[in-house]
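work28.txt follows; it contains compact mmCIF, C-alpha atoms and all ligand atoms.
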```
# COMPACT_ATOMS: atom_id res chain seq x y z
CA MET A 1 5.78 14.31 19.55
CA ARG A 2 4.96 14.00 23.27
CA THR A 3 1.91 12.45 24.98
CA GLN A 4 1.05 11.09 28.41
CA VAL A 5 0.44 7.43 27.50
CA VAL A 6 1.58 5.56 24.37
CA ILE A 7 -0.56 2.49 23.69
CA ILE A 8 1.06 -0.17 21.51
CA GLY A 9 -1.72 -2.20 19.86
CA SER A 10 -5.16 -1.28 18.52
CA GLY A 11 -6.99 -4.46 19.52
CA PRO A 12 -9.67 -4.52 22.24
CA SER A 13 -7.14 -3.82 25.03
CA GLY A 14 -5.54 -0.82 23.39
CA LEU A 15 -8.75 0.70 22.08
CA LEU A 16 -10.65 0.28 25.36
CA LEU A 17 -7.77 1.78 27.37
CA GLY A 18 -7.46 4.61 24.86
CA GLN A 19 -11.16 5.45 25.07
CA LEU A 20 -11.17 5.48 28.86
CA LEU A 21 -8.02 7.65 29.03
CA THR A 22 -9.36 10.08 26.45
CA GLY A 23 -12.64 10.32 28.36
CA ALA A 24 -10.64 11.22 31.49
CA GLY A 25 -8.65 13.89 29.64
CA ILE A 26 -5.42 11.85 29.66
CA ASP A 27 -3.64 12.25 26.33
CA ASN A 28 -2.73 9.05 24.55
CA VAL A 29 -1.59 7.78 21.15
CA ILE A 30 -2.35 4.31 19.79
CA LEU A 31 0.14 2.63 17.45
CA ASP A 32 -0.55 -0.55 15.47
CA ARG A 33 1.58 -2.31 12.92
CA VAL A 34 -1.33 -3.31 10.70
CA SER A 35 -4.30 -1.53 9.19
CA LYS A 36 -7.73 -1.01 10.72
CA ASP A 37 -9.24 -3.32 8.10
CA TYR A 38 -6.78 -6.09 8.94
CA ILE A 39 -7.73 -5.86 12.62
CA LEU A 40 -11.45 -5.88 11.77
CA GLY A 41 -10.89 -8.91 9.53
CA ARG A 42 -9.90 -11.10 12.50
CA VAL A 43 -12.69 -13.27 13.92
CA ARG A 44 -12.21 -14.01 17.60
CA ALA A 45 -14.22 -13.82 20.79
CA GLY A 46 -17.98 -13.82 21.15
CA VAL A 47 -18.96 -13.68 24.85
CA LEU A 48 -18.69 -10.57 27.06
CA GLU A 49 -18.82 -10.58 30.87
CA GLU A 50 -20.86 -7.86 32.61
CA GLY A 51 -17.61 -6.16 33.63
CA THR A 52 -16.60 -5.84 29.98
CA VAL A 53 -20.07 -4.54 29.07
CA GLY A 54 -19.73 -1.96 31.86
CA LEU A 55 -16.35 -0.78 30.57
CA MET A 56 -17.76 -0.40 27.05
CA ASP A 57 -20.49 1.79 28.53
CA ARG A 58 -17.92 3.82 30.50
CA ALA A 59 -15.97 4.20 27.23
CA LYS A 60 -19.20 5.51 25.65
CA ALA A 61 -18.95 2.73 23.03
CA GLY A 62 -21.76 0.45 24.21
CA ALA A 63 -24.80 1.69 22.22
CA ARG A 64 -24.66 -0.84 19.35
CA MET A 65 -23.66 -3.64 21.74
CA HIS A 66 -26.88 -3.06 23.73
CA ALA A 67 -28.93 -2.71 20.54
CA GLU A 68 -27.56 -5.75 18.70
CA GLY A 69 -25.90 -7.89 21.39
CA LEU A 70 -27.72 -10.94 22.77
CA PRO A 71 -28.01 -11.16 26.59
CA HIS A 72 -27.73 -14.83 27.60
CA ASP A 73 -28.97 -16.23 30.93
CA GLY A 74 -27.50 -19.70 30.50
CA PHE A 75 -25.78 -22.23 28.28
CA SER A 76 -25.86 -26.02 27.88
CA LEU A 77 -23.37 -28.79 28.44
CA ALA A 78 -24.08 -31.66 26.03
CA PHE A 79 -22.80 -35.19 26.67
CA ASP A 80 -24.11 -38.76 26.44
CA GLY A 81 -26.65 -37.58 23.87
CA ARG A 82 -28.33 -35.08 26.23
CA ASP A 83 -28.32 -31.37 27.11
CA HIS A 84 -27.79 -30.06 30.63
CA ARG A 85 -28.54 -26.35 31.04
CA ILE A 86 -26.40 -24.22 33.35
CA ASP A 87 -28.72 -21.48 34.62
CA LEU A 88 -26.23 -18.61 34.88
CA TYR A 89 -28.88 -16.07 35.89
CA GLY A 90 -30.46 -18.24 38.59
CA LEU A 91 -27.17 -19.53 39.99
CA THR A 92 -25.45 -16.14 40.20
CA GLY A 93 -28.31 -14.05 41.57
CA GLY A 94 -29.12 -12.34 38.28
CA LYS A 95 -25.86 -12.13 36.36
CA ARG A 96 -25.69 -12.95 32.64
CA VAL A 97 -23.30 -12.65 29.67
CA MET A 98 -23.65 -10.71 26.43
CA VAL A 99 -23.06 -12.47 23.11
CA TYR A 100 -21.47 -9.83 20.87
CA GLY A 101 -18.54 -10.45 18.54
CA GLN A 102 -15.09 -9.03 19.30
CA THR A 103 -14.98 -7.73 15.75
CA GLU A 104 -18.03 -5.54 16.41
CA LEU A 105 -16.72 -4.43 19.82
CA THR A 106 -13.45 -3.41 18.13
CA ARG A 107 -15.33 -1.56 15.39
CA ASP A 108 -17.41 0.33 17.97
CA LEU A 109 -14.29 1.39 19.87
CA MET A 110 -12.55 2.48 16.66
CA GLU A 111 -15.58 4.57 15.65
CA GLN A 112 -15.82 6.21 19.08
CA ARG A 113 -12.11 6.99 19.06
CA ALA A 114 -12.39 8.59 15.64
CA LEU A 115 -15.13 10.85 17.04
CA THR A 116 -12.83 12.03 19.82
CA GLY A 117 -10.02 12.84 17.42
CA ALA A 118 -7.51 11.01 19.63
CA PRO A 119 -4.58 9.93 17.41
CA SER A 120 -4.24 6.33 16.20
CA ILE A 121 -1.35 5.52 13.89
CA TYR A 122 -1.78 2.37 11.78
CA ALA A 123 0.77 0.58 9.62
CA ALA A 124 3.43 1.72 12.10
CA ALA A 125 6.51 -0.43 11.44
CA ASN A 126 9.26 -1.43 13.89
CA VAL A 127 7.47 -0.07 16.93
CA ALA A 128 9.80 -0.26 19.94
CA PRO A 129 9.48 0.87 23.58
CA HIS A 130 12.60 2.50 25.13
CA ASP A 131 13.88 3.60 28.56
CA PHE A 132 10.76 2.33 30.36
CA ASP A 133 12.93 1.47 33.39
CA GLY A 134 13.62 5.19 33.81
CA GLN A 135 11.48 8.31 34.23
CA ASN A 136 11.45 9.33 30.57
CA PRO A 137 10.27 6.45 28.39
CA TYR A 138 9.68 6.84 24.69
CA VAL A 139 8.52 4.79 21.72
CA THR A 140 9.98 4.77 18.22
CA TYR A 141 8.38 3.57 15.01
CA GLU A 142 8.66 3.94 11.28
CA ARG A 143 5.91 5.23 8.99
CA ASP A 144 6.25 5.87 5.27
CA GLY A 145 9.97 5.22 5.67
CA ILE A 146 10.40 8.00 8.23
CA ASN A 147 11.59 7.22 11.77
CA GLN A 148 9.39 8.76 14.45
CA ARG A 149 9.69 9.16 18.23
CA ILE A 150 6.98 9.76 20.85
CA ASP A 151 8.08 10.80 24.35
CA CYS A 152 5.63 9.87 27.09
CA ASP A 153 5.04 9.22 30.79
CA PHE A 154 3.87 5.59 30.41
CA ILE A 155 3.72 2.83 27.77
CA ALA A 156 0.82 0.33 27.64
CA GLY A 157 1.87 -2.86 25.84
CA CYS A 158 -1.49 -3.93 24.37
CA ASP A 159 0.16 -5.69 21.43
CA GLY A 160 -0.96 -9.26 21.94
CA PHE A 161 0.92 -12.53 22.34
CA HIS A 162 3.26 -11.93 19.40
CA GLY A 163 3.83 -8.24 20.16
CA ILE A 164 7.07 -6.35 20.85
CA SER A 165 6.30 -5.18 24.39
CA ARG A 166 6.86 -8.43 26.31
CA LYS A 167 9.85 -9.20 24.09
CA SER A 168 11.40 -5.84 25.04
CA VAL A 169 11.64 -6.84 28.70
CA PRO A 170 15.00 -8.29 29.79
CA GLU A 171 14.64 -12.09 30.06
CA LYS A 172 15.88 -12.15 33.67
CA ALA A 173 13.12 -9.71 34.67
CA ILE A 174 10.21 -11.86 33.50
CA ARG A 175 8.90 -15.31 34.42
CA THR A 176 6.55 -17.21 32.09
CA PHE A 177 4.23 -20.17 32.65
CA GLU A 178 2.88 -22.15 29.71
CA LYS A 179 0.76 -25.16 28.85
CA VAL A 180 0.20 -26.06 25.17
CA TYR A 181 -2.83 -28.26 24.45
CA PRO A 182 -2.50 -31.16 21.97
CA PHE A 183 -5.35 -29.95 19.78
CA GLY A 184 -6.83 -26.83 18.17
CA TRP A 185 -10.23 -25.38 17.31
CA LEU A 186 -11.53 -25.34 13.76
CA GLY A 187 -14.04 -22.49 13.64
CA ILE A 188 -16.50 -21.34 11.00
CA LEU A 189 -18.86 -18.43 10.56
CA ALA A 190 -21.99 -18.91 8.44
CA ASP A 191 -25.09 -16.84 7.86
CA VAL A 192 -27.47 -19.51 9.10
CA ALA A 193 -29.80 -19.52 12.11
CA PRO A 194 -28.10 -20.84 15.27
CA VAL A 195 -29.01 -24.39 16.25
CA SER A 196 -30.06 -23.18 19.72
CA HIS A 197 -30.88 -19.83 21.35
CA GLU A 198 -28.05 -20.40 23.83
CA LEU A 199 -24.49 -21.74 23.54
CA ILE A 200 -23.85 -25.50 23.62
CA TYR A 201 -20.52 -26.92 24.85
CA ALA A 202 -20.41 -30.57 23.74
CA ASN A 203 -18.19 -33.31 25.15
CA HIS A 204 -18.18 -36.22 22.67
CA PRO A 205 -15.92 -39.26 22.12
CA ARG A 206 -15.04 -37.83 18.67
CA GLY A 207 -14.03 -34.52 20.27
CA PHE A 208 -15.30 -31.23 21.62
CA ALA A 209 -17.77 -29.03 19.74
CA LEU A 210 -19.13 -25.56 20.51
CA CYS A 211 -22.29 -24.02 19.07
CA SER A 212 -22.25 -20.23 19.36
CA MET A 213 -23.56 -17.29 17.38
CA ARG A 214 -23.12 -13.64 16.45
CA SER A 215 -26.83 -12.88 15.89
CA GLN A 216 -30.14 -14.66 15.23
CA THR A 217 -29.00 -15.16 11.63
CA ARG A 218 -25.26 -15.68 11.99
CA SER A 219 -23.78 -18.79 13.63
CA ARG A 220 -20.30 -19.49 14.98
CA TYR A 221 -19.32 -23.15 15.37
CA TYR A 222 -16.12 -24.82 16.54
CA LEU A 223 -14.79 -28.38 16.37
CA GLN A 224 -11.83 -29.70 18.32
CA CYS A 225 -9.26 -30.77 15.72
CA ALA A 226 -5.75 -32.20 15.55
CA LEU A 227 -2.95 -29.66 15.41
CA ASP A 228 -1.83 -30.90 11.99
CA GLU A 229 -5.24 -30.44 10.39
CA LYS A 230 -5.25 -28.44 7.15
CA LEU A 231 -8.07 -25.98 6.39
CA GLU A 232 -8.14 -27.14 2.77
CA ASP A 233 -9.13 -30.63 3.96
CA TRP A 234 -12.28 -29.27 5.60
CA THR A 235 -15.09 -28.63 3.14
CA ASP A 236 -18.24 -27.10 4.60
CA GLN A 237 -19.99 -30.44 4.14
CA ARG A 238 -17.31 -32.27 6.11
CA PHE A 239 -17.58 -29.68 8.88
CA TRP A 240 -21.38 -29.93 9.11
CA ASP A 241 -21.32 -33.75 9.04
CA GLU A 242 -18.73 -33.85 11.85
CA LEU A 243 -20.61 -31.26 13.92
CA ARG A 244 -23.80 -33.32 13.62
CA ARG A 245 -21.93 -36.40 14.88
CA ARG A 246 -20.82 -34.56 18.01
CA LEU A 247 -24.21 -33.10 18.97
CA PRO A 248 -27.22 -34.76 20.67
CA ALA A 249 -29.63 -36.13 18.02
CA HIS A 250 -32.29 -33.43 18.45
CA HIS A 251 -29.71 -30.71 17.77
CA ALA A 252 -28.12 -32.62 14.89
CA GLU A 253 -31.54 -32.93 13.23
CA ALA A 254 -32.33 -29.23 13.78
CA LEU A 255 -28.95 -27.96 12.54
CA VAL A 256 -29.30 -25.38 9.77
CA THR A 257 -26.29 -25.55 7.46
CA GLY A 258 -25.02 -23.31 4.69
CA ALA A 259 -21.90 -21.85 3.10
CA SER A 260 -19.27 -20.63 5.55
CA PHE A 261 -17.64 -17.24 4.89
CA GLU A 262 -14.89 -17.61 7.46
CA LYS A 263 -12.97 -20.73 8.42
CA SER A 264 -9.85 -20.86 10.63
CA ILE A 265 -7.87 -23.10 12.95
CA ALA A 266 -6.59 -21.69 16.26
CA PRO A 267 -4.12 -23.48 18.54
CA LEU A 268 -4.93 -23.61 22.27
CA ARG A 269 -2.52 -22.62 24.99
CA SER A 270 -2.45 -21.31 28.57
CA PHE A 271 0.24 -18.70 29.08
CA VAL A 272 1.00 -16.16 31.79
CA SER A 273 3.96 -13.80 32.10
CA GLU A 274 4.83 -12.27 35.47
CA PRO A 275 5.02 -9.52 36.48
CA MET A 276 2.86 -7.36 34.18
CA ARG A 277 4.69 -4.11 34.94
CA PHE A 278 8.28 -3.09 34.22
CA GLY A 279 8.91 0.46 35.39
CA ARG A 280 6.80 2.60 33.10
CA LEU A 281 5.81 -0.24 30.75
CA PHE A 282 2.64 -2.20 31.49
CA LEU A 283 1.65 -5.45 29.72
CA VAL A 284 -2.09 -5.67 29.06
CA GLY A 285 -4.34 -8.45 27.67
CA ASP A 286 -2.86 -11.06 25.36
CA ALA A 287 0.55 -9.35 25.64
CA ALA A 288 0.67 -10.80 29.16
CA HIS A 289 -1.54 -13.90 29.08
CA ILE A 290 -3.37 -16.33 26.82
CA VAL A 291 -6.17 -18.73 27.72
CA PRO A 292 -7.84 -21.50 25.70
CA PRO A 293 -11.16 -20.00 24.47
CA THR A 294 -13.21 -22.76 26.18
CA GLY A 295 -14.02 -20.48 29.11
CA ALA A 296 -14.64 -17.35 26.94
CA LYS A 297 -12.10 -15.47 29.06
CA GLY A 298 -9.46 -14.06 26.68
CA LEU A 299 -11.17 -10.85 25.70
CA ASN A 300 -12.71 -10.43 29.16
CA LEU A 301 -9.33 -10.70 30.90
CA ALA A 302 -8.02 -8.02 28.57
CA ALA A 303 -10.90 -5.84 29.78
CA SER A 304 -10.15 -6.40 33.49
CA ASP A 305 -6.46 -5.59 32.91
CA VAL A 306 -7.59 -2.36 31.27
CA HIS A 307 -9.80 -1.60 34.26
CA TYR A 308 -6.92 -1.97 36.75
CA LEU A 309 -4.47 0.00 34.63
CA PHE A 310 -6.93 2.79 33.83
CA GLU A 311 -7.81 3.23 37.51
CA GLY A 312 -4.11 3.33 38.36
CA LEU A 313 -3.29 5.92 35.70
CA LEU A 314 -6.32 8.00 36.72
CA GLU A 315 -5.03 8.00 40.31
CA HIS A 316 -1.55 8.99 39.12
CA TYR A 317 -2.74 11.97 37.12
CA GLN A 318 -5.68 13.10 39.25
CA ASP A 319 -4.59 12.30 42.79
CA ARG A 320 -0.82 12.33 42.27
CA SER A 321 -0.72 8.85 43.80
CA ASN A 322 1.13 5.84 42.37
CA ALA A 323 -0.66 3.31 44.57
CA GLY A 324 -2.80 2.09 41.66
CA VAL A 325 -0.03 1.70 39.11
CA ASP A 326 2.18 0.08 41.76
CA ALA A 327 -0.60 -2.45 42.51
CA TYR A 328 -1.52 -3.08 38.83
CA SER A 329 0.47 -6.25 38.29
CA ALA A 330 -0.60 -7.97 41.52
CA HIS A 331 -4.26 -6.97 41.08
CA ALA A 332 -4.39 -8.06 37.43
CA LEU A 333 -2.52 -11.34 37.99
CA ALA A 334 -4.80 -12.35 40.89
CA ARG A 335 -7.77 -12.27 38.50
CA VAL A 336 -5.78 -13.64 35.53
CA TRP A 337 -4.73 -16.81 37.35
CA LYS A 338 -8.31 -17.57 38.44
CA ALA A 339 -9.46 -17.22 34.83
CA VAL A 340 -6.49 -19.31 33.61
CA ARG A 341 -7.53 -22.02 36.07
CA PHE A 342 -11.18 -21.90 34.93
CA SER A 343 -10.24 -22.00 31.22
CA TRP A 344 -7.89 -24.96 31.85
CA TRP A 345 -10.60 -26.75 33.83
CA MET A 346 -13.28 -26.23 31.13
CA THR A 347 -10.82 -27.37 28.44
CA THR A 348 -9.73 -30.45 30.37
CA MET A 349 -13.33 -31.41 31.16
CA LEU A 350 -14.70 -31.03 27.64
CA HIS A 351 -11.99 -32.15 25.22
CA ARG A 352 -10.66 -35.57 24.25
CA PHE A 353 -6.91 -35.71 24.85
CA PRO A 354 -4.80 -38.07 22.70
CA ASP A 355 -3.48 -39.73 25.85
CA THR A 356 -6.84 -39.80 27.65
CA GLY A 357 -6.85 -43.18 29.37
CA ASP A 358 -9.81 -45.04 30.89
CA PHE A 359 -9.18 -43.43 34.28
CA ASP A 360 -9.10 -39.89 32.81
CA GLN A 361 -12.27 -40.66 30.89
CA LYS A 362 -14.05 -41.72 34.09
CA ILE A 363 -12.87 -38.55 35.82
CA GLN A 364 -14.32 -36.43 32.98
CA GLU A 365 -17.63 -38.29 33.25
CA ALA A 366 -17.67 -37.86 37.05
CA GLU A 367 -16.94 -34.13 36.69
CA LEU A 368 -19.85 -33.68 34.26
CA ASP A 369 -22.12 -35.83 36.42
CA TYR A 370 -21.23 -33.77 39.53
CA LEU A 371 -21.82 -30.49 37.65
CA THR A 372 -25.26 -31.50 36.43
CA HIS A 373 -26.44 -32.89 39.80
CA SER A 374 -24.95 -30.45 42.32
CA ARG A 375 -26.13 -26.85 42.67
CA ALA A 376 -22.88 -26.00 44.45
CA ALA A 377 -20.78 -27.34 41.56
CA ALA A 378 -22.94 -25.60 38.94
CA THR A 379 -22.78 -22.35 40.94
CA ALA A 380 -18.99 -22.47 40.94
CA LEU A 381 -19.00 -22.91 37.16
CA ALA A 382 -21.58 -20.16 36.69
CA GLU A 383 -19.80 -17.54 38.81
CA ASN A 384 -16.59 -18.08 36.87
CA TYR A 385 -18.33 -18.05 33.49
CA VAL A 386 -20.18 -14.74 34.10
CA GLY A 387 -16.89 -13.31 35.39
CA LEU A 388 -15.40 -12.99 38.87
CA PRO A 389 -15.53 -9.47 40.34
CA PHE A 390 -12.86 -6.95 39.24
P1 LIG B 1 -4.94 -8.52 20.25
O1 LIG B 1 -4.00 -9.61 19.81
O2 LIG B 1 -6.39 -8.61 19.90
O3 LIG B 1 -4.44 -7.12 19.64
C1 LIG B 1 -3.07 -6.81 19.63
C2 LIG B 1 -2.84 -5.73 18.58
O4 LIG B 1 -1.46 -5.35 18.66
C3 LIG B 1 -3.09 -6.23 17.18
O5 LIG B 1 -3.95 -5.34 16.48
C4 LIG B 1 -1.69 -6.28 16.53
O6 LIG B 1 -1.71 -5.90 15.16
C5 LIG B 1 -0.94 -5.25 17.35
N1 LIG B 1 0.51 -5.51 17.38
C6 LIG B 1 1.12 -6.70 17.58
N2 LIG B 1 2.46 -6.55 17.54
C7 LIG B 1 2.69 -5.23 17.32
C8 LIG B 1 3.87 -4.45 17.16
N3 LIG B 1 5.07 -5.01 17.23
N4 LIG B 1 3.72 -3.13 16.92
C9 LIG B 1 2.49 -2.56 16.85
N5 LIG B 1 1.34 -3.25 16.98
C10 LIG B 1 1.45 -4.56 17.22
N6 LIG B 1 -11.06 -14.97 23.33
C11 LIG B 1 -12.29 -15.32 23.75
O7 LIG B 1 -12.70 -14.85 24.82
N7 LIG B 1 -13.08 -16.18 23.01
C12 LIG B 1 -12.66 -16.69 21.80
O8 LIG B 1 -13.37 -17.44 21.14
C13 LIG B 1 -11.39 -16.34 21.30
N8 LIG B 1 -10.94 -16.81 20.09
C14 LIG B 1 -9.68 -16.47 19.66
C15 LIG B 1 -9.18 -16.92 18.42
C16 LIG B 1 -7.90 -16.57 18.00
C17 LIG B 1 -7.38 -17.08 16.67
C18 LIG B 1 -7.08 -15.76 18.80
C19 LIG B 1 -5.68 -15.39 18.37
C20 LIG B 1 -7.56 -15.29 20.02
C21 LIG B 1 -8.87 -15.63 20.45
N9 LIG B 1 -9.39 -15.15 21.66
C22 LIG B 1 -10.62 -15.48 22.12
C23 LIG B 1 -8.61 -14.29 22.49
C24 LIG B 1 -8.73 -12.91 21.93
O9 LIG B 1 -10.06 -12.55 21.85
C25 LIG B 1 -7.88 -12.02 22.78
O10 LIG B 1 -8.08 -12.27 24.15
C26 LIG B 1 -8.09 -10.57 22.49
O11 LIG B 1 -7.88 -10.36 21.12
C27 LIG B 1 -7.11 -9.78 23.36
O12 LIG B 1 -7.07 -8.50 22.89
P2 LIG B 1 -5.70 -7.69 22.90
O13 LIG B 1 -5.01 -7.88 24.20
O14 LIG B 1 -6.07 -6.32 22.45
O15 LIG B 1 -4.75 -8.38 21.82
C1 LIG B 2 -17.52 -17.51 20.24
O1 LIG B 2 -18.72 -17.22 20.03
O2 LIG B 2 -16.62 -17.24 19.42
C2 LIG B 2 -17.14 -18.20 21.52
C3 LIG B 2 -18.09 -18.32 22.51
C4 LIG B 2 -17.74 -18.97 23.69
C5 LIG B 2 -16.46 -19.49 23.84
C6 LIG B 2 -15.52 -19.35 22.83
C7 LIG B 2 -15.86 -18.72 21.66
O3 LIG B 2 -16.13 -20.12 24.99
```
Written as structure tokens, how would this file's structure read?
Amino acid sequence: MRTQVVIIGSGPSGLLLGQLLTGAGIDNVILDRVSKDYILGRVRAGVLEEGTVGLMDRAKAGARMHAEGLPHDGFSLAFDGRDHRIDLYGLTGGKRVMVYGQTELTRDLMEQRALTGAPSIYAAANVAPHDFDGQNPYVTYERDGINQRIDCDFIAGCDGFHGISRKSVPEKAIRTFEKVYPFGWLGILADVAPVSHELIYANHPRGFALCSMRSQTRSRYYLQCALDEKLEDWTDQRFWDELRRRLPAHHAEALVTGASFEKSIAPLRSFVSEPMRFGRLFLVGDAAHIVPPTGAKGLNLAASDVHYLFEGLLEHYQDRSNAGVDAYSAHALARVWKAVRFSWWMTTMLHRFPDTGDFDQKIQEAELDYLTHSRAAATALAENYVGLPF
């Protein structure tokens, strides 16, 4: 088989890139090692920046997002028993975010791709990129016990943090930066009305809590937890009791509880690998970088990587220019590092660290006090949260 671009990974990065390429008449094949259902069974992000919304529209996959997604003009910081609203819309001259689950975004992209007939191969084992430092790269994989090969012009490594693409790059050619946080997030999904119409990020002496949602009838909550916590130790009742303790009283009293249907613990890390291009292999999304979800940046960074790579590939095929693909890594990393900084800053400001001393605690309090009393400080937070320009 031969195609123009092989995309390894059928998560948001791979599917969004695939849709944009197909729409531009650039042939591509998506490979994933798991099934569609497995991918749709993962519960992850919930907040989309306007840039991501725009790319979904350009990929002709935005209809349900606009119909069912929830535009949000602000969110609240909760600490010392009170709420402090960050007016995203007012502070950024009319920008907002869209609350719409990654699972649904992925489903929409899968459905649109199926309509185009562009090939996606699931349950592809032992996927491996080859000869990407030359002019004739190719990808091999195994399906139903038969070894396959796809020759191509370019390979997009959209295979996430644990994927094969970054691991296929010679160690001396790549530099990584990492910070692992000493806690995780215990998240649940429950079909109960959200405690508030907007998100609440709570800083509490017992630990961070986040109140989010997927719709007016489906809530998504998170609690900061120790890394050695076990899911089986967290009954729904224990979760709800702990969440109430970490919220201001009026929210704790209003909290609607019920049976959870998803419960998971995710570790938090900041990770960046440089560069993001190796000859004809490009790393995209989580394959190249990871952020703690506190800033709601993971999925949105994947989208901006896709934007830069798609524009570069479009230029290569339509204008016979390699300027875009040559600039991909520098362009993507410039935006990645600003989002990594913002996600680190939000995480550091809102979580309790095991070694948080009195001085660190006073700095956290001063940061929150400054944010809620200075328009300039709140504007800086708001412009990062809605997403810096592509
Ligand atoms: P993904 O990891 O989504 O997709 C990679 C795909 O590649 C997968 O389908 C995988 O099966 C496939 N793959 C991997 N190895 C392969 C191989 N060798 N061969 C073939 N295929 C292979 N972001 C937020 O903004 N907010 C959040 O709240 C949030 N919560 C998260 C919770 C968890 C537990 C995790 C892991 C991430 C979370 N994220 C969050 C970040 C997340 O949303 C990612 O940014 C997003 O999934 C990135 O999409 P992709 O780059 O497509 O990678
Ligand atoms: C979510 O709804 O899953 C979500 C929202 C905002 C975040 C992280 C996760 O910062």
> Could you pull the residues within 10 Å of stretch 172-174 of chain A, counting all atoms listed in the file, minus those fewer than 3 positions along the same chain, as a PyMOL selection string?
Replying inline: chain A and resi 166-167+169+273-278
> Smallest atom-to-atom distance to ligand LIG 2 (chain B): which of A:Leu333, A:Ile8, A:Ala202, A:Leu313, using only C-alpha atoms and all ligand atoms?
Replying inline: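 Closest candidate: A:Ala202.
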> Which residues form the shell of 7 Å around ligand LIG 1 (chain B) when you count all atoms listed in the file, given as a ChimeraX atom specification?
Replying inline: /A:8-14,31-34,39,43-47,102,124-127,158-164,266,284-287,290,293,296-300,302
>> Which residues are near ligand LIG 2 (chain B) in this structure, taking near to mean any atom at most 10 Å from a ligand atom and counting all atoms listed in the file? Format them as an MDAnalysis selection string.
In response: chainID A and resid 43:48 75 99:102 185 187:189 199:201 210:214 219:222 292:299 343 346:347 385
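You will find atom CA of A:Ala193 at 12.2 Å from atom CA of A:Ala259.
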> For the point (-6.3, 2.9, 27.2) in file coordinates, what residues are within 12 Å, counting all atoms listed in the file? Give the answer as a ChimeraX atom specification?
Replying inline: /A:4-31,55-56,59,109,113,118,120,154-158,282-285,302-314
> Could you pull the residues within 12 Å of A:Ala382, counting only C-alpha atoms, minus those fewer than 3 positions along the same chain, as a ChimeraX atom specification?
Replying inline: /A:49,73-76,85-97,295,342,346,371-372,375-379,385-388
Could you write out the selected residues, including C-alpha atoms, as a PDB file, in the frame of the given file?
```
ATOM      1  CA  GLU A  49     -18.820 -10.580  30.870  1.00  0.00           C
ATOM      2  CA  ASP A  73     -28.970 -16.230  30.930  1.00  0.00           C
ATOM      3  CA  GLY A  74     -27.500 -19.700  30.500  1.00  0.00           C
ATOM      4  CA  PHE A  75     -25.780 -22.230  28.280  1.00  0.00           C
ATOM      5  CA  SER A  76     -25.860 -26.020  27.880  1.00  0.00           C
ATOM      6  CA  ARG A  85     -28.540 -26.350  31.040  1.00  0.00           C
ATOM      7  CA  ILE A  86     -26.400 -24.220  33.350  1.00  0.00           C
ATOM      8  CA  ASP A  87     -28.720 -21.480  34.620  1.00  0.00           C
ATOM      9  CA  LEU A  88     -26.230 -18.610  34.880  1.00  0.00           C
ATOM     10  CA  TYR A  89     -28.880 -16.070  35.890  1.00  0.00           C
ATOM     11  CA  GLY A  90     -30.460 -18.240  38.590  1.00  0.00           C
ATOM     12  CA  LEU A  91     -27.170 -19.530  39.990  1.00  0.00           C
ATOM     13  CA  THR A  92     -25.450 -16.140  40.200  1.00  0.00           C
ATOM     14  CA  GLY A  93     -28.310 -14.050  41.570  1.00  0.00           C
ATOM     15  CA  GLY A  94     -29.120 -12.340  38.280  1.00  0.00           C
ATOM     16  CA  LYS A  95     -25.860 -12.130  36.360  1.00  0.00           C
ATOM     17  CA  ARG A  96     -25.690 -12.950  32.640  1.00  0.00           C
ATOM     18  CA  VAL A  97     -23.300 -12.650  29.670  1.00  0.00           C
ATOM     19  CA  GLY A 295     -14.020 -20.480  29.110  1.00  0.00           C
ATOM     20  CA  PHE A 342     -11.180 -21.900  34.930  1.00  0.00           C
ATOM     21  CA  MET A 346     -13.280 -26.230  31.130  1.00  0.00           C
ATOM     22  CA  LEU A 371     -21.820 -30.490  37.650  1.00  0.00           C
ATOM     23  CA  THR A 372     -25.260 -31.500  36.430  1.00  0.00           C
ATOM     24  CA  ARG A 375     -26.130 -26.850  42.670  1.00  0.00           C
ATOM     25  CA  ALA A 376     -22.880 -26.000  44.450  1.00  0.00           C
ATOM     26  CA  ALA A 377     -20.780 -27.340  41.560  1.00  0.00           C
ATOM     27  CA  ALA A 378     -22.940 -25.600  38.940  1.00  0.00           C
ATOM     28  CA  THR A 379     -22.780 -22.350  40.940  1.00  0.00           C
ATOM     29  CA  TYR A 385     -18.330 -18.050  33.490  1.00  0.00           C
ATOM     30  CA  VAL A 386     -20.180 -14.740  34.100  1.00  0.00           C
ATOM     31  CA  GLY A 387     -16.890 -13.310  35.390  1.00  0.00           C
ATOM     32  CA  LEU A 388     -15.400 -12.990  38.870  1.00  0.00           C
TER      33      LEU A 388
END
```
>> To one decimal place in Å, what is the distance between atom CA of A:Glu383 and atom CA of A:Leu350?
In response: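 Separating atom CA of A:Glu383 from atom CA of A:Leu350 is a distance of 18.2 Å.
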>> Using only C-alpha atoms, can you tell me which of A:Met349, A:Val195, A:Asp236, A:Leu247 comes closest to A:Asp369?
In response: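 Once distances to A:Asp369 are computed over only C-alpha atoms, the minimum belongs to A:Met349.
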> What is the distance, in Å and to one decimal place, between atom CA of A:Asp191 and atom CA of A:Thr257?
Replying inline: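 Separation of atom CA of A:Asp191 and atom CA of A:Thr257: 8.8 Å.
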>> Using only C-alpha atoms, can you tell me which of A:Ser35, A:Leu243, A:Glu365, A:Asp108 comes closest to A:His66?
In response: A:Asp108
> Using only C-alpha atoms, which of A:Arg82, A:Gly184, A:Asn203, A:Leu281 sits nearest A:Glu367?
Replying inline: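 For A:Glu367, the nearest of the candidates is A:Asn203.
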